[in-house]
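Next comes target-v9.txt, with compact mmCIF, C-alpha atoms.
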# COMPACT_ATOMS: atom_id res chain seq x y z
CA ARG A 8 138.38 124.37 83.44
CA VAL A 9 139.91 125.01 80.04
CA ASP A 10 138.67 128.63 80.02
CA PHE A 11 141.60 129.38 82.35
CA TYR A 12 144.02 128.12 79.66
CA GLU A 13 145.55 131.00 77.68
CA ASP A 14 145.81 128.91 74.47
CA VAL A 15 142.25 127.63 74.67
CA PHE A 16 141.39 128.92 71.18
CA GLN A 17 144.25 126.95 69.60
CA LEU A 18 142.65 123.53 69.29
CA PRO A 19 145.83 121.50 68.60
CA LYS A 20 147.38 122.87 71.81
CA VAL A 21 144.23 122.09 73.78
CA LEU A 22 144.17 118.49 72.54
CA SER A 23 147.90 118.07 73.16
CA THR A 24 147.58 119.39 76.72
CA LEU A 25 144.56 117.17 77.35
CA LYS A 26 146.49 114.14 76.12
CA GLY A 27 149.33 115.02 78.51
CA LEU A 28 146.87 115.24 81.39
CA ARG A 29 145.46 111.86 80.49
CA GLU A 30 148.94 110.32 80.58
CA ILE A 31 149.63 111.88 83.98
CA LEU A 32 146.25 111.09 85.56
CA GLY A 33 145.91 107.57 84.20
CA GLU A 34 142.44 106.18 84.94
CA THR A 35 141.30 109.21 86.95
CA PRO A 36 138.16 110.56 85.21
CA ILE A 37 138.56 113.92 83.46
CA LEU A 38 135.64 116.36 83.12
CA PHE A 39 136.35 118.90 80.36
CA THR A 40 134.73 122.30 80.94
CA PHE A 41 134.74 125.59 79.08
CA ARG A 42 132.81 127.88 81.42
CA THR A 43 131.53 130.87 79.46
CA ARG A 44 131.74 134.36 80.93
CA LYS A 45 127.96 134.67 81.21
CA GLU A 46 128.00 131.72 83.62
CA GLY A 47 131.01 132.84 85.62
CA GLY A 48 133.87 131.78 83.35
CA GLU A 49 137.03 133.54 82.24
CA LYS A 50 136.39 134.05 78.53
CA GLU A 51 133.77 134.65 75.87
CA ILE A 52 133.27 132.15 73.07
CA ASP A 53 130.82 131.98 70.17
CA MET A 54 128.60 128.91 70.03
CA GLU A 55 130.08 127.49 66.82
CA ALA A 56 133.55 127.50 68.36
CA TYR A 57 132.10 126.13 71.62
CA THR A 58 130.48 123.22 69.80
CA ALA A 59 133.60 122.52 67.74
CA LEU A 60 135.78 122.52 70.86
CA ASN A 61 133.52 120.18 72.84
CA THR A 62 133.13 117.84 69.87
CA ALA A 63 136.87 117.62 69.20
CA VAL A 64 137.61 116.92 72.85
CA ALA A 65 134.99 114.16 73.02
CA GLN A 66 136.29 112.59 69.83
CA SER A 67 139.88 112.67 71.13
CA GLY A 68 138.95 110.05 73.72
CA ASP A 69 141.07 111.76 76.39
CA ALA A 70 138.18 113.22 78.41
CA ASP A 71 135.56 111.06 80.09
CA ALA A 72 132.84 113.71 80.22
CA VAL A 73 132.19 117.17 78.77
CA ASP A 74 130.30 120.01 80.42
CA VAL A 75 127.56 121.62 78.30
CA GLU A 76 125.81 124.78 79.47
CA VAL A 77 122.17 123.94 78.88
CA PHE A 78 120.89 127.49 78.53
CA SER A 79 123.03 128.24 75.48
CA GLY A 80 120.05 127.70 73.17
CA ASP A 81 118.25 124.38 72.75
CA GLU A 82 119.58 123.71 69.25
CA VAL A 83 123.18 124.41 70.27
CA VAL A 84 122.78 122.19 73.32
CA ARG A 85 121.28 119.33 71.30
CA ARG A 86 124.13 119.48 68.77
CA ASN A 87 126.70 119.40 71.56
CA ILE A 88 125.05 116.51 73.39
CA GLN A 89 124.55 114.48 70.21
CA ALA A 90 128.19 114.93 69.18
CA ILE A 91 129.54 114.07 72.62
CA HIS A 92 127.32 110.99 72.91
CA ALA A 93 128.30 109.90 69.39
CA ALA A 94 131.90 109.89 70.61
CA GLY A 95 130.89 107.65 73.52
CA LYS A 96 131.39 110.27 76.23
CA ALA A 97 129.12 111.53 78.99
CA VAL A 98 127.55 114.98 79.28
CA VAL A 99 127.27 117.08 82.43
CA GLY A 100 124.48 119.54 81.63
CA SER A 101 125.11 122.65 83.71
CA ASN A 102 123.64 125.98 84.74
CA HIS A 103 125.24 128.59 87.01
CA ASP A 104 123.30 131.50 88.44
CA PHE A 105 125.58 134.06 90.11
CA GLY A 106 122.75 136.57 90.40
CA GLY A 107 120.83 134.73 93.08
CA THR A 108 118.76 131.62 93.72
CA PRO A 109 115.60 130.96 91.69
CA ASP A 110 112.55 129.71 93.53
CA LYS A 111 112.02 125.99 93.97
CA ALA A 112 109.72 125.64 90.96
CA ASP A 113 112.29 127.28 88.68
CA LEU A 114 115.10 125.14 90.05
CA LEU A 115 113.08 122.01 89.32
CA PHE A 116 112.23 123.30 85.84
CA ARG A 117 115.92 123.82 85.05
CA LEU A 118 117.00 120.41 86.33
CA ARG A 119 114.19 118.63 84.49
CA LYS A 120 115.01 120.51 81.28
CA MET A 121 118.61 119.30 81.49
CA GLN A 122 117.35 115.74 81.82
CA GLU A 123 114.90 116.14 78.93
CA LEU A 124 117.66 117.50 76.66
CA GLY A 125 119.68 114.35 77.29
CA ALA A 126 122.34 115.40 79.81
CA ASP A 127 123.67 112.34 81.62
CA ILE A 128 124.21 114.35 84.81
CA PRO A 129 122.20 117.55 85.36
CA LYS A 130 124.11 120.11 87.46
CA ILE A 131 123.02 123.45 88.88
CA ALA A 132 124.93 125.96 91.03
CA VAL A 133 123.26 129.07 92.45
CA MET A 134 124.24 132.01 94.65
CA PRO A 135 122.37 132.42 97.94
CA ARG A 136 121.32 135.84 99.23
CA CYS A 137 119.87 134.54 102.50
CA PRO A 138 119.64 131.25 104.45
CA GLY A 139 116.25 130.56 102.84
CA ASP A 140 117.94 130.35 99.43
CA VAL A 141 120.13 127.48 100.62
CA ILE A 142 117.07 125.70 101.98
CA ALA A 143 115.25 126.22 98.67
CA LEU A 144 118.15 124.64 96.76
CA LEU A 145 118.31 121.63 99.07
CA ASP A 146 114.52 121.23 99.00
CA ALA A 147 114.54 121.25 95.19
CA THR A 148 117.40 118.74 95.19
CA GLN A 149 115.43 116.40 97.42
CA GLU A 150 112.29 116.65 95.29
CA MET A 151 114.15 116.27 91.99
CA SER A 152 116.08 113.22 93.13
CA GLY A 153 113.04 111.63 94.75
CA LYS A 154 110.34 112.34 92.15
CA TYR A 155 111.76 113.17 88.74
CA ALA A 156 115.40 112.18 88.29
CA ASP A 157 116.23 108.94 86.51
CA ARG A 158 119.97 109.71 86.63
CA PRO A 159 122.45 111.32 89.06
CA ILE A 160 122.13 115.06 89.68
CA ILE A 161 124.55 117.60 91.14
CA THR A 162 123.44 120.73 93.01
CA MET A 163 125.20 123.31 95.13
CA SER A 164 124.68 126.67 96.74
CA MET A 165 127.83 128.72 96.17
CA GLY A 166 129.51 131.21 98.49
CA ALA A 167 127.94 131.14 101.95
CA GLY A 168 125.92 128.05 101.00
CA VAL A 169 128.94 125.86 101.70
CA VAL A 170 126.77 123.50 103.79
CA SER A 171 125.27 122.25 100.51
CA ARG A 172 128.73 121.25 99.31
CA LEU A 173 129.28 119.14 102.41
CA GLY A 174 125.78 117.77 103.03
CA GLY A 175 124.25 117.73 99.56
CA GLU A 176 124.46 113.95 99.30
CA TYR A 177 121.87 113.57 102.06
CA PHE A 178 119.39 115.52 99.90
CA GLY A 179 120.17 113.64 96.67
CA SER A 180 123.15 115.43 95.11
CA ALA A 181 125.53 112.83 93.69
CA MET A 182 128.83 114.65 94.18
CA THR A 183 130.56 117.87 95.14
CA PHE A 184 133.45 119.90 93.73
CA GLY A 185 136.69 120.56 95.60
CA ALA A 186 139.54 122.92 94.77
CA VAL A 187 143.11 121.88 94.04
CA GLY A 188 144.98 125.14 94.41
CA GLN A 189 143.02 128.08 92.95
CA VAL A 190 139.24 127.91 93.40
CA SER A 191 137.09 128.18 90.28
CA ALA A 192 133.80 129.10 92.02
CA PRO A 193 132.87 130.89 95.26
CA GLY A 194 132.74 128.62 98.30
CA GLN A 195 134.73 125.73 96.84
CA ILE A 196 136.43 123.74 99.59
CA PRO A 197 140.06 122.60 99.26
CA VAL A 198 140.09 118.92 98.38
CA GLU A 199 142.19 118.08 101.44
CA GLU A 200 139.48 119.49 103.70
CA LEU A 201 136.77 117.61 101.81
CA ASN A 202 138.65 114.34 102.21
CA ALA A 203 139.12 115.01 105.92
CA ALA A 204 135.40 115.79 106.37
CA ALA A 205 134.38 112.67 104.45
CA LYS A 206 136.70 110.55 106.56
CA LYS A 207 135.48 112.05 109.83
CA TYR A 208 131.77 112.44 109.15
CA GLY A 209 131.05 110.21 106.19
CA GLU A 210 128.57 107.44 106.85
CA PRO A 211 129.03 104.54 104.44
CA ARG A 212 125.90 102.73 103.38
CA ARG A 213 125.18 99.67 105.41
CA THR A 214 123.68 97.85 102.45
CA SER A 215 124.18 97.90 98.71
CA ILE A 216 122.83 96.11 95.64
CA VAL A 217 125.23 93.58 94.14
CA TYR A 218 124.46 92.41 90.61
CA PRO A 219 125.40 88.90 89.38
CA HIS A 220 128.11 90.14 86.98
CA GLU A 221 129.87 91.90 89.89
CA ILE A 222 130.35 88.68 91.89
CA THR A 223 133.86 87.29 91.35
CA SER A 224 133.82 84.61 94.04
CA TYR A 225 131.46 83.11 96.57
CA THR A 226 132.21 81.08 99.67
CA PRO A 227 129.16 79.34 101.14
CA GLU A 228 128.65 79.48 104.87
CA GLU A 229 129.90 76.40 106.69
CA GLU A 230 126.93 76.30 108.97
CA GLN A 231 123.36 76.46 107.58
CA LYS A 232 121.12 78.53 109.80
CA GLU A 233 117.49 77.80 110.54
CA GLU A 234 115.28 78.79 107.61
CA TYR A 235 112.08 80.78 108.08
CA PRO A 236 109.78 82.91 105.86
CA VAL A 237 110.49 86.63 105.44
CA SER A 238 109.16 89.58 103.47
CA ILE A 239 111.67 91.73 101.58
CA PHE A 240 111.10 95.46 101.08
CA LEU A 241 113.48 97.17 98.60
CA SER A 242 113.59 100.98 98.33
CA ARG A 243 114.30 103.11 95.25
CA GLU A 244 117.67 104.11 96.70
CA GLY A 245 118.77 100.51 97.23
CA TYR A 246 118.05 100.00 100.92
CA PHE A 247 116.21 96.87 101.93
CA LYS A 248 114.43 95.45 104.97
CA LYS A 249 113.96 91.78 105.79
CA ILE A 250 110.96 91.29 108.06
CA THR A 251 109.44 88.17 109.59
CA PRO A 252 105.67 87.53 109.35
CA ALA A 253 105.28 88.07 113.09
CA SER A 254 106.91 91.48 112.95
CA LEU A 255 104.90 92.38 109.87
CA ARG A 256 101.63 91.57 111.63
CA MET A 257 102.60 93.89 114.49
CA ASN A 258 103.46 96.81 112.18
CA SER A 259 102.62 96.60 108.47
CA GLU A 260 103.71 100.19 107.65
CA GLN A 261 107.23 100.47 106.28
CA LYS A 262 109.01 103.80 106.74
CA PHE A 263 111.81 105.08 104.53
CA LYS A 264 114.03 108.11 104.79
CA GLU A 265 112.63 111.33 103.36
CA GLY A 266 112.78 111.34 99.56
CA ASP A 267 112.99 107.54 99.34
CA ALA A 268 110.06 105.18 98.69
CA LEU A 269 109.15 101.55 98.18
CA ARG A 270 110.40 100.05 94.92
CA GLN A 271 109.58 96.34 95.30
CA THR A 272 108.39 93.80 97.86
CA PHE A 273 108.35 90.00 97.70
CA GLU A 274 108.21 86.88 99.87
CA THR A 275 111.19 84.56 100.33
CA THR A 276 113.03 82.69 103.10
CA SER A 277 115.82 83.71 105.42
CA ASN A 278 118.44 81.54 103.73
CA ALA A 279 117.49 82.30 100.12
CA GLU A 280 119.81 84.29 97.84
CA VAL A 281 118.21 87.53 96.63
Do you think you could lay out the structure here as structure tokens?
Amino acid sequence: RVDFYEDVFQLPKVLSTLKGLREILGETPILFTFRTRKEGGEKEIDMEAYTALNTAVAQSGDADAVDVEVFSGDEVVRRNIQAIHAAGKAVVGSNHDFGGTPDKADLLFRLRKMQELGADIPKIAVMPRCPGDVIALLDATQEMSGKYADRPIITMSMGAGVVSRLGGEYFGSAMTFGAVGQVSAPGQIPVEELNAAAKKYGEPRRTSIVYPHEITSYTPEEEQKEEYPVSIFLSREGYFKKITPASLRMNSEQKFKEGDALRQTFETTSNAEV
């Protein structure tokens, strides 16, 4: 959050400080963010200076991703995204609404607009005024991730909506934000508490997709098991089911968790590599 930095308008100092952070953090990804005052930040900035700052940071190579506020004017946003992508860096397209929580249709409109403008990761944070606002945010997250998103999204309900920061992944939000020291948004959870919650309540996926280029070694099983025909059902979120013909005849309907759906099905055998 460079808007907290008192020398933020002195570009050489910003780049020098960023380079120092890169040396300290090593391979840890760095997200560079100037949060404008209208979206809850510390300082005002004109859009020419905003674009120049984001472009210079991307071109420095010391940040992995740059935050771009997507309701800064479509032309400004396009120029920022094009410059950041030209430098080979990712864009988090963001919107922060401290005045309340838009309805579900508006939330979906904002997230889809971020995607259409070319943000690599659309992100929205809203302020709840009642429990229903938190539900609306999570419902929109589920629908966006299940129906429209072709990339990761990040959503959160600030302040009292802290449940969305802890359980957002279940609804389709790709990550959450934790605080190291001073919080930068209402409801942020200290990173130590997030790590503890993830360790205690996190449920690692039981299956995952492994692509050929990710396989470094393979040890065949010593004992070959009996081979029999199976049907494979692969979901959009990467879960799969392996079902025998007998089981399939008994129940042909395949159920997936809410928001997920069938991506592909094919016939193979129990011992085949897929």
Against range 78-100 of chain A, which residues of range 125-179 of chain A fall within 7 Å? For each one I want the closest pair of atoms and the distance in Å (one decimal), counting all atoms listed in the file, rows by chain and increasing residue number, as JSON lines.
{"residue": "A:Gly125", "atom": "CA", "partner": "A:Ile88", "partner_atom": "CA", "distance": 7.0}
{"residue": "A:Ala126", "atom": "CA", "partner": "A:Gly100", "partner_atom": "CA", "distance": 5.0}
{"residue": "A:Asp127", "atom": "CA", "partner": "A:Val98", "partner_atom": "CA", "distance": 5.2}
{"residue": "A:Ile128", "atom": "CA", "partner": "A:Val99", "partner_atom": "CA", "distance": 4.7}
{"residue": "A:Pro129", "atom": "CA", "partner": "A:Gly100", "partner_atom": "CA", "distance": 4.8}
{"residue": "A:Lys130", "atom": "CA", "partner": "A:Gly100", "partner_atom": "CA", "distance": 5.9}
Nearest to Asp53 in chain A by atom-to-atom distance, counting only C-alpha atoms, from A:Phe240, A:Phe16, A:Asn102, A:Tyr246 |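 Smallest distance to Asp53 in chain A is found for A:Phe16.
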Find the residues around Asp71 in chain A up to 8 Å (only C-alpha atoms counted), leave out those fewer than 6 positions away in its own chain, and share them as a PyMOL selection string.
-> chain A and resi 36-39+65+96-97
Which value, in Å to one decimal, gives the distance between CA of Phe11 in chain A and CA of Phe41 in chain A?
-> 8.5 Å
How many Å separate CA of Ile131 in chain A from CA of His103 in chain A?
->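 Taking CA of Ile131 in chain A as the start and CA of His103 in chain A as the end point, the length is 5.9 Å.
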What is the CA of Asp104 in chain A-CA of Glu123 in chain A distance in Å, reported with one decimal?
-> 19.9 Å
Neighbour list for range 177-188 of chain A as a list in words, cut-off 8 Å, all atoms listed in the file, skip fewer than 3 positions in-chain |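 My list of contacting residues is Leu145, Asp146, Thr148, Gln149, Ser152, Gly153, Pro159, Ile160, Ile161, Thr162, Met163, Arg172, Leu173, Gly174, Ser191, Gln195, Ile196, Pro197, Val198, Leu201 and Gly266 of chain A.
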Can you list, as number ranges by chain, every protein, DNA or RNA residue that comes within 7 Å of Val237 in chain A when you count all atoms listed in the file, leaving out same-chain residues fewer than 4 positions away?
-> A: 249-252, 274-277
Using all atoms listed in the file, pick whichever of A:Met134, A:Ala70, A:Ala167, A:Val9 has the shortest atom-to-atom distance to Gly48 in chain A.
-> A:Val9
Spatial sel., origin (120.9, 123.2, 102.5), limit 8 Å, all atoms listed in the file, listed as a VMD selection string = chain A and resid 141 to 146 164 168 170 to 171 174 to 175
What does the file look like for those residues with C-alpha atoms, as a PDB file, in the coordinates of the input?
ATOM      1  CA  VAL A 141     120.130 127.480 100.620  1.00  0.00           C
ATOM      2  CA  ILE A 142     117.070 125.700 101.980  1.00  0.00           C
ATOM      3  CA  ALA A 143     115.250 126.220  98.670  1.00  0.00           C
ATOM      4  CA  LEU A 144     118.150 124.640  96.760  1.00  0.00           C
ATOM      5  CA  LEU A 145     118.310 121.630  99.070  1.00  0.00           C
ATOM      6  CA  ASP A 146     114.520 121.230  99.000  1.00  0.00           C
ATOM      7  CA  SER A 164     124.680 126.670  96.740  1.00  0.00           C
ATOM      8  CA  GLY A 168     125.920 128.050 101.000  1.00  0.00           C
ATOM      9  CA  VAL A 170     126.770 123.500 103.790  1.00  0.00           C
ATOM     10  CA  SER A 171     125.270 122.250 100.510  1.00  0.00           C
ATOM     11  CA  GLY A 174     125.780 117.770 103.030  1.00  0.00           C
ATOM     12  CA  GLY A 175     124.250 117.730  99.560  1.00  0.00           C
TER      13      GLY A 175
END
Which of A:Gly166, A:Lys120, A:Tyr235, A:Asp69 sits closest to Gly27 in chain A [using all atoms listed in the file] |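 Ranking A:Gly166, A:Lys120, A:Tyr235, A:Asp69 by distance to Gly27 in chain A, first place goes to A:Asp69.
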